[in-house]
>>> print(open('upload22.txt').read())   # compact mmCIF, C-alpha atoms
# COMPACT_ATOMS: atom_id res chain seq x y z
CA MET A 1494 -65.34 -25.26 -1.18
CA ASN A 1495 -63.16 -24.27 -4.11
CA LYS A 1496 -60.59 -26.16 -6.16
CA TYR A 1497 -57.69 -25.47 -3.77
CA ASP A 1498 -59.67 -26.69 -0.78
CA ARG A 1499 -60.33 -29.96 -2.52
CA ILE A 1500 -56.65 -30.36 -3.36
CA PHE A 1501 -55.77 -29.72 0.27
CA VAL A 1502 -58.33 -32.23 1.55
CA PHE A 1503 -57.11 -34.79 -0.95
CA LEU A 1504 -53.49 -34.34 0.16
CA VAL A 1505 -54.40 -34.69 3.83
CA LEU A 1506 -56.49 -37.78 3.17
CA LEU A 1507 -53.54 -39.25 1.29
CA LEU A 1508 -51.33 -38.61 4.31
CA VAL A 1509 -53.93 -40.11 6.64
CA SER A 1510 -54.21 -43.30 4.63
CA PHE A 1511 -50.41 -43.46 4.48
CA PHE A 1512 -50.21 -43.28 8.28
CA PHE A 1513 -52.95 -45.89 8.61
CA ILE A 1514 -50.98 -48.28 6.44
CA ILE A 1515 -47.81 -47.72 8.45
CA ARG A 1516 -49.64 -48.22 11.72
CA LYS A 1517 -50.90 -51.67 10.78
CA GLU A 1518 -47.38 -53.06 10.72
CA GLU A 1519 -46.78 -52.27 14.35
CA LYS A 1520 -46.89 -55.46 16.38
CA GLY A 1521 -46.39 -56.32 19.98
CA LYS A 1522 -43.30 -58.28 20.94
CA PHE A 1523 -44.12 -59.29 24.48
CA ALA A 1524 -46.91 -58.95 27.01
CA ASN A 1525 -46.79 -57.92 30.63
CA VAL A 1526 -49.26 -59.34 33.11
CA TYR A 1527 -49.81 -57.33 36.28
CA TYR A 1528 -51.50 -58.44 39.46
CA ALA A 1529 -52.37 -55.55 41.80
CA SER A 1530 -49.96 -53.30 39.82
CA GLU A 1531 -47.12 -55.76 40.23
CA LEU A 1532 -45.52 -57.44 37.25
CA VAL A 1533 -46.10 -61.17 37.71
CA LEU A 1534 -45.58 -62.59 34.25
CA GLN A 1535 -43.86 -61.57 31.04
CA ILE A 1536 -44.81 -63.51 27.93
CA ASP A 1537 -42.92 -63.59 24.67
CA LEU A 1538 -45.50 -63.18 21.93
CA THR A 1539 -43.30 -64.36 19.07
CA THR A 1540 -43.53 -67.99 20.21
CA PRO A 1541 -46.36 -70.39 19.25
CA THR A 1542 -49.59 -70.29 21.27
CA LYS A 1543 -49.37 -71.54 24.81
CA SER A 1544 -51.55 -71.16 27.88
CA TYR A 1545 -50.47 -69.68 31.21
CA VAL A 1546 -52.13 -69.60 34.60
CA VAL A 1547 -51.92 -66.55 36.87
CA LYS A 1548 -53.37 -66.21 40.34
CA GLY A 1549 -56.05 -63.51 40.49
CA GLU A 1550 -58.07 -62.05 43.34
CA LEU A 1551 -61.00 -64.43 42.82
CA GLY A 1552 -59.13 -67.46 41.53
CA ASP A 1553 -56.92 -68.64 38.72
CA VAL A 1554 -56.85 -66.71 35.45
CA THR A 1555 -55.98 -68.68 32.34
CA ILE A 1556 -54.23 -66.64 29.68
CA VAL A 1557 -53.54 -67.91 26.19
CA ALA A 1558 -50.76 -66.11 24.35
CA GLY A 1559 -48.56 -66.49 21.31
CA ASN A 1560 -48.28 -65.58 17.61
CA GLY A 1561 -48.57 -61.88 18.40
CA SER A 1562 -51.86 -62.04 20.27
CA ILE A 1563 -53.05 -62.63 23.80
CA PHE A 1564 -56.42 -63.31 25.40
CA VAL A 1565 -57.99 -64.46 28.64
CA GLU A 1566 -59.56 -67.88 28.28
CA LYS A 1567 -60.97 -68.58 31.71
CA GLU A 1568 -61.39 -66.52 34.82
CA THR A 1569 -63.67 -66.17 37.80
CA SER A 1570 -65.52 -62.87 37.83
CA PRO A 1571 -69.14 -61.64 37.93
CA ARG A 1572 -69.39 -60.47 34.33
CA HIS A 1573 -66.45 -62.10 32.54
CA LEU A 1574 -65.63 -58.86 30.76
CA CYS A 1575 -62.00 -59.68 30.08
CA SER A 1576 -62.62 -63.09 28.55
CA LYS A 1577 -65.40 -61.58 26.45
CA GLN A 1578 -63.00 -58.92 25.16
CA GLY A 1579 -61.16 -61.53 23.14
CA LYS A 1580 -57.78 -61.26 21.46
CA ILE A 1581 -55.66 -58.17 21.58
CA THR A 1582 -52.71 -57.64 19.27
CA SER A 1583 -51.65 -54.00 19.30
CA PRO A 1584 -49.26 -52.38 21.81
CA HIS A 1585 -51.97 -49.85 22.56
CA GLU A 1586 -54.61 -52.31 23.70
CA LYS A 1587 -55.11 -53.63 27.18
CA ILE A 1588 -57.08 -56.31 28.93
CA VAL A 1589 -58.24 -55.28 32.36
CA CYS A 1590 -59.91 -57.64 34.77
CA LEU A 1591 -60.83 -55.46 37.69
CA PRO A 1592 -62.38 -58.11 39.97
CA ASN A 1593 -59.20 -60.14 39.68
CA LYS A 1594 -56.89 -57.12 39.78
CA ILE A 1595 -55.25 -58.35 36.59
CA VAL A 1596 -53.98 -56.05 33.85
CA ILE A 1597 -52.47 -57.36 30.64
CA GLU A 1598 -50.69 -55.05 28.27
CA ILE A 1599 -48.72 -55.59 25.11
CA LYS A 1600 -45.35 -53.94 24.67
CA SER A 1601 -43.30 -53.38 21.57
CA ASP A 1602 -39.56 -52.85 21.55
CA GLU A 1603 -39.83 -49.12 21.71
CA GLU A 1604 -40.47 -47.76 25.14
CA TYR A 1605 -42.42 -44.68 24.12
CA ASP A 1606 -45.73 -46.27 24.97
CA THR A 1607 -45.09 -46.84 28.65
CA VAL A 1608 -48.07 -44.55 29.30
CA LEU A 1609 -48.68 -42.72 32.59
CA LYS A 1610 -48.49 -44.89 35.63
CA MET B 1109 -66.81 3.23 14.61
CA GLN B 1110 -64.06 2.43 17.11
CA TYR B 1111 -66.58 1.73 19.87
CA LYS B 1112 -68.43 -0.66 17.66
CA LYS B 1113 -65.24 -2.55 16.93
CA VAL B 1114 -64.18 -2.76 20.58
CA SER B 1115 -67.56 -3.97 21.72
CA ARG B 1116 -67.70 -6.48 18.92
CA LEU B 1117 -64.23 -7.80 19.73
CA SER B 1118 -65.10 -8.23 23.40
CA LEU B 1119 -68.26 -9.99 22.34
CA PHE B 1120 -66.19 -12.33 20.20
CA LEU B 1121 -63.93 -13.02 23.15
CA ALA B 1122 -66.84 -13.82 25.43
CA LEU B 1123 -68.44 -15.98 22.74
CA SER B 1124 -65.25 -17.86 22.19
CA VAL B 1125 -64.83 -18.68 25.89
CA VAL B 1126 -68.48 -19.65 26.32
CA LEU B 1127 -68.51 -21.77 23.19
CA GLY B 1128 -65.38 -23.52 24.41
CA MET B 1129 -67.12 -24.34 27.67
CA LEU B 1130 -70.35 -25.43 26.00
CA GLU B 1131 -68.50 -27.75 23.70
CA GLY B 1132 -66.90 -29.38 26.73
CA MET B 1133 -70.38 -30.41 27.80
CA ILE B 1134 -71.22 -32.09 24.51
CA PRO B 1135 -70.30 -35.71 25.00
CA ILE B 1136 -68.57 -36.45 21.72
CA HIS B 1137 -65.44 -38.27 22.76
CA MET B 1138 -64.99 -40.89 20.12
CA ILE B 1139 -61.36 -39.99 19.70
CA PRO B 1140 -59.44 -38.53 22.64
CA GLY B 1141 -58.11 -35.14 21.64
CA VAL B 1142 -60.66 -34.40 18.96
CA LYS B 1143 -63.28 -31.83 19.80
CA LEU B 1144 -65.54 -29.65 17.74
CA GLY B 1145 -63.47 -26.50 18.03
CA PHE B 1146 -66.36 -24.05 18.18
CA ALA B 1147 -64.14 -21.72 20.18
CA ASN B 1148 -62.28 -20.98 16.97
CA ILE B 1149 -65.30 -19.65 15.12
CA PRO B 1150 -65.11 -16.14 16.65
CA ILE B 1151 -61.39 -16.04 15.91
CA LEU B 1152 -61.92 -16.95 12.28
CA VAL B 1153 -64.69 -14.41 11.95
CA CYS B 1154 -62.51 -11.76 13.60
CA LEU B 1155 -59.67 -12.50 11.22
CA TYR B 1156 -61.87 -12.01 8.17
CA LEU B 1157 -63.79 -8.99 9.48
CA TYR B 1158 -60.92 -7.14 11.17
CA SER B 1159 -57.16 -7.52 11.10
CA TRP B 1160 -54.78 -10.36 11.93
CA LYS B 1161 -53.58 -8.43 14.97
CA ASP B 1162 -57.03 -8.43 16.51
CA ALA B 1163 -57.38 -12.14 15.86
CA PHE B 1164 -54.00 -12.80 17.43
CA TYR B 1165 -54.78 -10.87 20.62
CA LEU B 1166 -58.20 -12.48 20.75
CA THR B 1167 -56.58 -15.92 20.69
CA LEU B 1168 -54.13 -15.12 23.46
CA MET B 1169 -56.83 -13.64 25.67
CA LYS B 1170 -59.13 -16.54 24.97
CA VAL B 1171 -56.50 -19.03 26.10
CA PHE B 1172 -55.78 -17.11 29.31
CA LEU B 1173 -59.42 -16.51 30.16
CA PHE B 1174 -60.48 -20.03 29.37
CA SER B 1175 -57.68 -21.55 31.42
CA LEU B 1176 -58.37 -19.21 34.29
CA LEU B 1177 -62.00 -20.25 34.34
CA ARG B 1178 -61.66 -23.94 33.67
CA THR B 1179 -58.34 -25.65 34.16
CA GLY B 1180 -56.11 -23.17 35.94
CA LEU B 1181 -53.02 -21.39 34.69
CA PHE B 1182 -49.59 -22.88 33.98
CA ASN B 1183 -50.41 -26.56 34.17
CA ILE B 1184 -50.30 -29.18 31.44
CA GLY B 1185 -53.77 -28.37 30.15
CA PHE B 1186 -52.84 -24.72 29.89
CA TYR B 1187 -49.69 -25.38 27.89
CA LEU B 1188 -51.53 -27.75 25.58
CA SER B 1189 -54.20 -25.15 24.98
CA LEU B 1190 -51.67 -22.34 24.52
CA THR B 1191 -49.44 -24.16 22.04
CA GLY B 1192 -52.43 -25.49 20.11
CA SER B 1193 -54.07 -22.11 19.83
CA LEU B 1194 -50.83 -20.36 18.90
CA ALA B 1195 -50.18 -22.92 16.18
CA ALA B 1196 -53.72 -22.48 14.92
CA ILE B 1197 -53.51 -18.70 14.74
CA VAL B 1198 -50.05 -18.71 13.15
CA SER B 1199 -51.19 -21.14 10.46
CA LEU B 1200 -54.30 -19.03 9.97
CA LEU B 1201 -52.18 -15.94 9.36
CA LEU B 1202 -49.96 -17.89 6.96
CA VAL B 1203 -52.75 -19.26 4.80
CA TYR B 1204 -55.58 -16.75 4.83
CA LYS B 1205 -54.11 -14.77 1.94
CA THR B 1206 -53.75 -17.89 -0.21
CA PRO B 1207 -56.50 -18.89 -2.68
CA LEU B 1208 -57.90 -21.36 -0.13
CA SER B 1209 -61.49 -20.51 0.80
CA ILE B 1210 -62.52 -20.05 4.41
CA LEU B 1211 -63.32 -23.77 4.61
CA GLY B 1212 -59.79 -24.68 3.63
CA VAL B 1213 -58.31 -22.09 5.96
CA SER B 1214 -60.39 -23.43 8.82
CA MET B 1215 -59.25 -26.97 8.10
CA VAL B 1216 -55.60 -25.92 7.98
CA SER B 1217 -55.85 -24.20 11.34
CA SER B 1218 -57.78 -27.07 12.88
CA LEU B 1219 -55.14 -29.52 11.64
CA SER B 1220 -52.22 -27.51 12.93
CA HIS B 1221 -54.04 -26.99 16.24
CA SER B 1222 -54.52 -30.66 16.93
CA LEU B 1223 -51.21 -31.79 15.47
CA THR B 1224 -49.31 -29.38 17.71
CA GLN B 1225 -51.37 -30.47 20.66
CA ILE B 1226 -50.67 -34.15 20.27
CA LEU B 1227 -47.02 -33.37 19.57
CA VAL B 1228 -46.76 -31.41 22.82
CA ALA B 1229 -48.83 -34.04 24.64
CA SER B 1230 -46.57 -36.80 23.39
CA ILE B 1231 -43.55 -34.91 24.71
CA LEU B 1232 -45.06 -33.90 28.05
CA LEU B 1233 -47.07 -37.04 28.82
CA ASN B 1234 -44.97 -39.62 27.01
CA ILE B 1235 -47.77 -41.01 24.86
CA SER B 1236 -47.31 -42.31 21.35
CA PHE B 1237 -47.61 -39.61 18.71
CA TRP B 1238 -47.78 -41.80 15.62
CA TYR B 1239 -50.63 -43.91 16.88
CA TYR B 1240 -52.99 -41.00 17.29
CA LEU B 1241 -51.91 -39.13 14.20
CA PRO B 1242 -54.26 -40.52 11.50
CA PHE B 1243 -57.33 -40.42 13.76
CA VAL B 1244 -56.66 -36.88 14.86
CA MET B 1245 -55.95 -35.72 11.31
CA LEU B 1246 -59.18 -37.20 10.03
CA GLY B 1247 -61.13 -35.80 12.96
CA SER B 1248 -59.76 -32.31 12.62
CA LEU B 1249 -60.47 -32.27 8.88
CA ILE B 1250 -64.14 -32.90 9.62
CA THR B 1251 -64.40 -30.49 12.55
CA GLY B 1252 -62.44 -27.87 10.60
CA CYS B 1253 -64.93 -28.18 7.78
CA ILE B 1254 -67.87 -27.73 10.19
CA THR B 1255 -66.41 -24.67 11.90
CA GLY B 1256 -65.45 -23.26 8.50
CA MET B 1257 -69.03 -23.54 7.26
CA ILE B 1258 -70.42 -21.91 10.38
CA SER B 1259 -67.88 -19.09 10.18
CA LYS B 1260 -68.66 -18.52 6.52
CA THR B 1261 -72.35 -17.96 7.13
CA LEU B 1262 -71.57 -15.81 10.17
CA ILE B 1263 -69.18 -13.58 8.24
CA LEU B 1264 -71.70 -13.09 5.45
CA LYS B 1265 -74.42 -12.13 7.95
CA LEU B 1266 -72.13 -9.78 9.88
CA LYS B 1267 -70.93 -8.08 6.72
CA GLU B 1268 -74.52 -7.36 5.76
CA THR B 1269 -75.18 -5.59 9.04
CA GLN B 1270 -72.00 -3.56 8.95
>>> encode(input="upload22.txt", output="C-alpha cells")
Amino acid sequence: MNKYDRIFVFLVLLLVSFFFIIRKEEKGKFANVYYASELVLQIDLTTPTKSYVVKGELGDVTIVAGNGSIFVEKETSPRHLCSKQGKITSPHEKIVCLPNKIVIEIKSDEEYDTVLK
Amino acid sequence: MQYKKVSRLSLFLALSVVLGMLEGMIPIHMIPGVKLGFANIPILVCLYLYSWKDAFYLTLMKVFLFSLLRTGLFNIGFYLSLTGSLAAIVSLLLVYKTPLSILGVSMVSSLSHSLTQILVASILLNISFWYYLPFVMLGSLITGCITGMISKTLILKLKETQ
C-alpha cells in the first residue's frame, strides 16, 4: 500500500462517514400497519405516544406509537418475536408478526422506499 | 508464446467463473450486495500480465458464462452483473496507469462495481440508494483490499514463472 492508496482510502472513508451522518437524520413520518397484506391502520408518528389495538390472527395486537418510533407492546403468539424486537424508528425497518399476519412498516415522505411487493 | 497466452487466458476465464460460483457458497451475507469479489482476481491479474484488451474481453465473457450457468441471460441479475462488471473494468482501465498500487486499483474497481450495481438496482427494483451507500462503500473497500492483496501475490508468482 503506497502513499496514494492511503490518500484514496482516506477520501473514501471521509465520504462514508459523511453519508452515515446524513443518514441519521432520516426519520419516519408515519407507520402503516398491515393485516394479511391489507392496510388496516395508518399512524402519524409525529404525535405524542399513544397505544392502538389491531385485530390479529391469534388475538388483539397492542401497538404503541408516537414521537417517531413504534413498537408492539402485547400480542398473542408462540414466541413473541415482534414484541421482543422493540422500538423501530427508521423507514427501512419493519416489525413482522407472522403468527398474527401483522406487518408494521415506517414510511417517510418520499416514496422511493416502497420496496417490492 | 501465443499458445501459452491463449491457454492462460482461458484458464483465467474458467478460474473467474468457478471462483464466482464458490464465493456464492460462502455464507457471508452481512450486508446485502457485498460479496468477496474473488471473480475479479483473474481479471486484475490478466490486466497486469497482459493487455487491457484481454482483460476487457475476459470480463465480458465471464459475465456471459457466469450468467448462462447460474442465473440465466437477460434478466435482472444478468443486467446487474453486466453493468457492475463493465463499470469495474472501465474504472480499472482508467486508474491502472496512475501511481496507485494494485491494492488501490483493486479498491477503485471494487467500489465502482458495487456503486454501479446498487445504482442500477435502485433504478430497476425501486430500492433506496442512499441507505445502502455507506455500508456498500465500506464493504467494497475491505473486499477490494483483500482481492488486491491476493492478486498482488499471484502476479508476482506468475511473473517469476514466465
>>> residues_near_point(input="upload22.txt", point="(-68.7, -21.2, 25.9)", cutoff="12 Å", atoms="all atoms listed in the file", output="number ranges by chain")
B: 1119-1134, 1145-1150, 1170, 1173-1174, 1177-1178
>>> residues_near_point(input="upload22.txt", point="(-51.5, -31.6, 17.4)", cutoff="12 Å", atoms="all atoms listed in the file", output="PyMOL selection string")
chain B and resi 1140-1142+1188-1196+1216-1231+1237-1238+1240-1245+1247-1248
>>> atom_distance(input="upload22.txt", atom1="atom CA of A:Ser1510", atom2="atom CA of B:Leu1233")
26.0 Å
>>> atom_distance(input="upload22.txt", atom1="atom CA of A:Ile1514", atom2="atom CA of A:Arg1499")
22.4 Å
>>> closest_residue(input="upload22.txt", among="B:Leu1249, B:Val1198, B:Leu1211, B:Leu1168", to="A:Val1505", atoms="all atoms listed in the file")
B:Leu1249
>>> atom_distance(input="upload22.txt", atom1="atom CA of B:Thr1206", atom2="atom CA of B:Lys1161")
17.9 Å
>>> closest_residue(input="upload22.txt", among="B:Val1213, B:Leu1155, B:Leu1117, B:Ala1163", to="chain A", atoms="only C-alpha atoms")
B:Val1213
>>> closest_residue(input="upload22.txt", among="B:Val1171, B:Cys1154, B:Ile1210, B:Leu1264", to="chain A", atoms="all atoms listed in the file")
B:Ile1210
>>> closest_residue(input="upload22.txt", among="B:Glu1268, B:Ile1263, B:Ser1214, B:Pro1207", to="B:Thr1251", atoms="all atoms listed in the file")
B:Ser1214
>>> residues_around(input="upload22.txt", residues="A:Lys1496", least_positions_apart="4", cutoff="12 Å", atoms="only C-alpha atoms", output="list in words")
Ile1500, Phe1501, Val1502 and Phe1503 of chain A; Pro1207, Leu1208, Ser1209, Leu1211 and Gly1212 of chain B
